[in-house]
Amino acid sequence: MTRITCVTENTAIPDLGLQSEHGLALWIATDHGSVCFDTGQTEAVLSHNLGVLGLKVEDAKALAFSHAHYDHTGGLETILSGNEGIALYAHSDIFRPRFSYRQGEYKSIGMATTQAELARHVQLRLSDKPTEIFPGLWTTGEITGRPEPEGRSAHHFIRIDGNWHPDPYRDDLSLVLETGGGLVLVCGCCHAGLLNTLFHVEKTFSGPIIAVLGGTHLTNASKPYLEHVIKVLGTRFEGVQYYLNHCSGQKAVKALQDAFPGQVENCPAGTVLNFDSDQG
Ligand SMILES: [Fe+2]
Ligand SMILES: [Fe+2]
């Protein structure tokens with residue numbers, strides 16, 4: 001069995017003593033070990049919530065990052081302390097500096113550390129190809145072929161040869177868990193776009209997609225585009241169960257709940273989901 005616990009999120013289940021912040025961290029406990037997928041925005045919230053949830057930092061056998069942004073990588077030190085030499089899975093472009101442009105200023109919003117510095121403390125497993133973390137748990141690798149709009153923000157930029165360009169989000173990846181019933185897609189921020197990510201998983205892995213969990217970046221989706229997403233999900237990905245949070249956007253969650261009654265839930269910090277192991 002694999003147990004996925006939402007540790008850090010924009011919201012938290014009330015009365016559990018959990019803290020919330022804009023960010024995402026998920027703890028994935030498989031039969032082969034536990035992986036921390038993203039670390040939220042701050043060490044303080046990640047350590048506090050792991051403690052409340054009874055999860056021990058030193059039990060993490062691997063760390064994986066969905067992408068570089070501070071709200072997914074800011075709590076990194078919490079996982080590193082007591083885990084010297086842990087394996088870190090991420091896309092090879094994750095250390096590229098990334099910026100947000102607001103009110104006339106470019107602010108750094110990418111990784112707070114360099115590749116050389118981090119390589120002294122972790123085993124870097126950087127790849128743009130799908131990579132197996134534990135048996136049955138994979139990174140998607142880079143989301144290739146993006147026929148649909150990405151989950152983008154007009155504020156996000158990278159710098160090439162002194163010029164500013166929209167962030168292409170090459171570093172954005174998700175995880176895929178192979179279960180007895182099919183594939184569970186675990187998203188961080190889904191900047192590559194939810195539909196693009198689903199198409200990529202469909203062509204890269206075998207088995208039906210049975211659940212989608214995490215941030216799906218539909219927060220800026222227009223009404224017509226949301227209607228298109230719902231149409232594609234309803235025809236091509238029938239019966240999927242959704243556990244949405246972070247950058248999914250409440251309007252999108254509500255629209256999906258209306259379209260797929262009983263299949264769409266929020267996933268605040270404190271949510272625990274169990275999935276059967278792969279029988280094959
Ligand atoms: Fe992001
Ligand atoms: Fe995010």
# chains A, B, ... in the order shown; residues from 1 in each chain; ligands from 1

call {"tool": "closest_atom_pairs", "arguments": {"of": "segment 101-215 of chain A", "to": "segment 222-232 of chain A", "cutoff": "10 Å", "atoms": "only C-alpha atoms", "output": "JSON lines"}}
result
{"residue": "A:Glu148", "atom": "CA", "partner": "A:Val229", "partner_atom": "CA", "distance": 9.5}
{"residue": "A:Pro149", "atom": "CA", "partner": "A:Tyr225", "partner_atom": "CA", "distance": 9.0}
{"residue": "A:Leu194", "atom": "CA", "partner": "A:Val229", "partner_atom": "CA", "distance": 8.6}
{"residue": "A:Leu195", "atom": "CA", "partner": "A:Val229", "partner_atom": "CA", "distance": 7.2}

call {"tool": "write_last_selection", "arguments": {"atoms": "N, CA, C and O atoms", "output": "short mmCIF file (atom, residue, chain, number, x, y, z; two decimals), in the first residue's frame"}}
result
data_model
loop_
_atom_site.label_atom_id
_atom_site.label_comp_id
_atom_site.auth_asym_id
_atom_site.auth_seq_id
_atom_site.Cartn_x
_atom_site.Cartn_y
_atom_site.Cartn_z
N GLU A 148 -1.73 21.75 -25.54
CA GLU A 148 -2.70 22.57 -24.79
C GLU A 148 -1.97 23.72 -24.10
O GLU A 148 -0.75 23.67 -23.91
N PRO A 149 -2.72 24.75 -23.66
CA PRO A 149 -2.07 25.84 -22.92
C PRO A 149 -1.37 25.31 -21.67
O PRO A 149 -1.81 24.34 -21.06
N LEU A 194 -2.32 20.83 -17.10
CA LEU A 194 -2.89 19.54 -16.66
C LEU A 194 -3.13 18.59 -17.83
O LEU A 194 -2.75 17.42 -17.77
N LEU A 195 -3.74 19.09 -18.90
CA LEU A 195 -4.03 18.18 -20.03
C LEU A 195 -2.74 17.71 -20.68
O LEU A 195 -2.60 16.52 -21.00
#

call {"tool": "residues_around", "arguments": {"residues": "Thr73 of chain A", "least_positions_apart": "5", "cutoff": "8 Å", "atoms": "only C-alpha atoms", "output": "PDB file with N, CA, C and O atoms, in the first residue's frame"}}
result
ATOM      1  N   ASP A  38       8.292  17.771  -2.939  1.00  0.00           N
ATOM      2  CA  ASP A  38       8.224  19.212  -2.664  1.00  0.00           C
ATOM      3  C   ASP A  38       8.258  19.453  -1.154  1.00  0.00           C
ATOM      4  O   ASP A  38       7.925  18.565  -0.359  1.00  0.00           O
ATOM      5  N   THR A  39       8.656  20.653  -0.799  1.00  0.00           N
ATOM      6  CA  THR A  39       8.903  20.923   0.629  1.00  0.00           C
ATOM      7  C   THR A  39       8.163  22.154   1.135  1.00  0.00           C
ATOM      8  O   THR A  39       8.502  22.685   2.193  1.00  0.00           O
ATOM      9  N   GLY A  40       7.150  22.630   0.380  1.00  0.00           N
ATOM     10  CA  GLY A  40       6.445  23.836   0.809  1.00  0.00           C
ATOM     11  C   GLY A  40       7.364  25.044   0.729  1.00  0.00           C
ATOM     12  O   GLY A  40       8.453  24.986   0.149  1.00  0.00           O
ATOM     13  N   GLN A  41       6.922  26.143   1.345  1.00  0.00           N
ATOM     14  CA  GLN A  41       7.657  27.408   1.224  1.00  0.00           C
ATOM     15  C   GLN A  41       8.684  27.602   2.340  1.00  0.00           C
ATOM     16  O   GLN A  41       9.706  28.235   2.133  1.00  0.00           O
ATOM     17  N   PHE A  65      11.565  17.084  -6.442  1.00  0.00           N
ATOM     18  CA  PHE A  65      11.018  18.430  -6.652  1.00  0.00           C
ATOM     19  C   PHE A  65      10.224  18.471  -7.958  1.00  0.00           C
ATOM     20  O   PHE A  65      10.702  18.003  -8.995  1.00  0.00           O
ATOM     21  N   HIS A  67       9.364  21.339  -9.410  1.00  0.00           N
ATOM     22  CA  HIS A  67       9.981  22.436 -10.162  1.00  0.00           C
ATOM     23  C   HIS A  67      10.682  23.349  -9.173  1.00  0.00           C
ATOM     24  O   HIS A  67      10.654  23.093  -7.967  1.00  0.00           O
ATOM     25  N   ALA A  68      11.279  24.403  -9.687  1.00  0.00           N
ATOM     26  CA  ALA A  68      12.198  25.202  -8.862  1.00  0.00           C
ATOM     27  C   ALA A  68      11.524  26.167  -7.886  1.00  0.00           C
ATOM     28  O   ALA A  68      12.160  26.603  -6.928  1.00  0.00           O
ATOM     29  N   MET A 111      15.271  28.241  -7.108  1.00  0.00           N
ATOM     30  CA  MET A 111      16.003  27.549  -6.051  1.00  0.00           C
ATOM     31  C   MET A 111      16.872  28.531  -5.272  1.00  0.00           C
ATOM     32  O   MET A 111      17.538  29.385  -5.857  1.00  0.00           O
TER      33      MET A 111
END

call {"tool": "closest_atom_pairs", "arguments": {"of": "chain A", "to": "ligand 2", "cutoff": "7 Å", "atoms": "only C-alpha atoms and all ligand atoms", "output": "tab-separated table"}}
result
residue	atom	partner	partner_atom_place_in_ligand_line	distance
A:Gly23	CA	ligand 2	1 (Fe)	5.7
A:Leu24	CA	ligand 2	1 (Fe)	6.8
A:His69	CA	ligand 2	1 (Fe)	6.6
A:Asp71	CA	ligand 2	1 (Fe)	5.5
A:His72	CA	ligand 2	1 (Fe)	6.1
A:Gly188	CA	ligand 2	1 (Fe)	6.7
A:Cys189	CA	ligand 2	1 (Fe)	4.7
A:His246	CA	ligand 2	1 (Fe)	6.6
A:Cys247	CA	ligand 2	1 (Fe)	6.1

call {"tool": "residues_around", "arguments": {"residues": "Leu175 of chain A", "least_positions_apart": "2", "cutoff": "7 Å", "atoms": "only C-alpha atoms", "output": "list in words"}}
result
Trp138, Thr139, Thr140, Leu173, Leu177, Leu185, Val186 and Cys187 of chain A

call {"tool": "closest_residue", "arguments": {"among": "A:Thr2, A:Ile86, A:Arg120, A:His155", "to": "Gln103 of chain A", "atoms": "only C-alpha atoms"}}
result
A:His155

call {"tool": "atom_distance", "arguments": {"atom1": "atom CA of Thr8 of chain A", "atom2": "atom CA of Glu117 of chain A"}}
result
25.4 Å

call {"tool": "closest_residue", "arguments": {"among": "A:Leu55, A:Val272, A:Ala192, A:Val122", "to": "Ser81 of chain A", "atoms": "only C-alpha atoms"}}
result
A:Val122

call {"tool": "residues_around", "arguments": {"residues": "Lys251 of chain A", "least_positions_apart": "3", "cutoff": "9 Å", "atoms": "only C-alpha atoms", "output": "PDB file with all heavy atoms, in the first residue's frame"}}
result
ATOM      1  N   LEU A 218      -5.049  25.430 -12.560  1.00  0.00           N
ATOM      2  CA  LEU A 218      -6.189  25.903 -13.351  1.00  0.00           C
ATOM      3  C   LEU A 218      -6.671  27.237 -12.792  1.00  0.00           C
ATOM      4  O   LEU A 218      -7.725  27.746 -13.179  1.00  0.00           O
ATOM      5  CB  LEU A 218      -7.316  24.863 -13.316  1.00  0.00           C
ATOM      6  CG  LEU A 218      -6.988  23.554 -14.034  1.00  0.00           C
ATOM      7  CD1 LEU A 218      -8.040  22.488 -13.740  1.00  0.00           C
ATOM      8  CD2 LEU A 218      -6.854  23.778 -15.542  1.00  0.00           C
ATOM      9  N   THR A 219      -5.888  27.804 -11.897  1.00  0.00           N
ATOM     10  CA  THR A 219      -6.309  29.016 -11.195  1.00  0.00           C
ATOM     11  C   THR A 219      -6.556  30.199 -12.137  1.00  0.00           C
ATOM     12  O   THR A 219      -7.411  31.028 -11.872  1.00  0.00           O
ATOM     13  CB  THR A 219      -5.301  29.352 -10.063  1.00  0.00           C
ATOM     14  OG1 THR A 219      -5.802  30.425  -9.301  1.00  0.00           O
ATOM     15  CG2 THR A 219      -3.905  29.700 -10.581  1.00  0.00           C
ATOM     16  N   SER A 248      -4.769  24.946  -7.956  1.00  0.00           N
ATOM     17  CA  SER A 248      -5.881  24.470  -8.799  1.00  0.00           C
ATOM     18  C   SER A 248      -6.927  25.570  -8.976  1.00  0.00           C
ATOM     19  O   SER A 248      -7.519  25.694 -10.051  1.00  0.00           O
ATOM     20  CB  SER A 248      -6.521  23.220  -8.189  1.00  0.00           C
ATOM     21  OG  SER A 248      -5.572  22.169  -8.149  1.00  0.00           O
ATOM     22  N   LYS A 254     -14.640  23.931  -8.125  1.00  0.00           N
ATOM     23  CA  LYS A 254     -16.111  23.939  -8.096  1.00  0.00           C
ATOM     24  C   LYS A 254     -16.674  23.466  -9.451  1.00  0.00           C
ATOM     25  O   LYS A 254     -17.611  22.652  -9.506  1.00  0.00           O
ATOM     26  CB  LYS A 254     -16.578  25.358  -7.748  1.00  0.00           C
ATOM     27  CG  LYS A 254     -18.062  25.589  -7.818  1.00  0.00           C
ATOM     28  CD  LYS A 254     -18.753  25.024  -6.566  1.00  0.00           C
ATOM     29  CE  LYS A 254     -20.226  25.345  -6.486  1.00  0.00           C
ATOM     30  NZ  LYS A 254     -21.066  24.900  -7.568  1.00  0.00           N
ATOM     31  N   ALA A 255     -16.080  23.967 -10.546  1.00  0.00           N
ATOM     32  CA  ALA A 255     -16.564  23.582 -11.893  1.00  0.00           C
ATOM     33  C   ALA A 255     -16.376  22.080 -12.114  1.00  0.00           C
ATOM     34  O   ALA A 255     -17.253  21.408 -12.672  1.00  0.00           O
ATOM     35  CB  ALA A 255     -15.816  24.383 -12.960  1.00  0.00           C
ATOM     36  N   LEU A 256     -15.255  21.551 -11.653  1.00  0.00           N
ATOM     37  CA  LEU A 256     -15.010  20.105 -11.803  1.00  0.00           C
ATOM     38  C   LEU A 256     -15.951  19.299 -10.903  1.00  0.00           C
ATOM     39  O   LEU A 256     -16.433  18.234 -11.303  1.00  0.00           O
ATOM     40  CB  LEU A 256     -13.548  19.765 -11.502  1.00  0.00           C
ATOM     41  CG  LEU A 256     -12.631  19.679 -12.730  1.00  0.00           C
ATOM     42  CD1 LEU A 256     -12.393  21.023 -13.374  1.00  0.00           C
ATOM     43  CD2 LEU A 256     -11.295  19.046 -12.370  1.00  0.00           C
TER      44      LEU A 256
END

call {"tool": "residues_around", "arguments": {"residues": "Cys6 of chain A", "least_positions_apart": "5", "cutoff": "7 Å", "atoms": "only C-alpha atoms", "output": "PyMOL selection string"}}
result
chain A and resi 25-27+268-272

call {"tool": "atom_distance", "arguments": {"atom1": "atom CA of Asn274 of chain A", "atom2": "atom CA of Thr5 of chain A"}}
result
8.8 Å

call {"tool": "select_by_dssp", "arguments": {"residues": "segment 23-267 of chain A", "states": "strand (DSSP E)", "output": "JSON, numbers by chain"}}
result
{"A": [25, 26, 27, 28, 29, 30, 33, 34, 35, 36, 37, 60, 61, 62, 63, 64, 86, 87, 88, 89, 90, 99, 100, 101, 102, 105, 106, 107, 108, 122, 123, 124, 125, 126, 132, 133, 134, 137, 138, 139, 156, 157, 158, 159, 160, 163, 164, 165, 166, 175, 176, 177, 178, 183, 184, 185, 186, 187, 209, 210, 211, 212, 213, 214, 215, 241, 242, 243, 244, 245, 264, 265, 266]}

call {"tool": "select_by_dssp", "arguments": {"residues": "segment 17-251 of chain A", "states": "alpha helix (DSSP H)", "output": "NGL selection string"}}
result
:A and (43-52 or 70-73 or 76-80 or 115-118 or 194-204 or 223-236 or 250-251)

call {"tool": "residues_around", "arguments": {"residues": "Val52 of chain A", "least_positions_apart": "3", "cutoff": "7 Å", "atoms": "only C-alpha atoms", "output": "list in words"}}
result
Gly17, Leu18, His48 and Asn49 of chain A
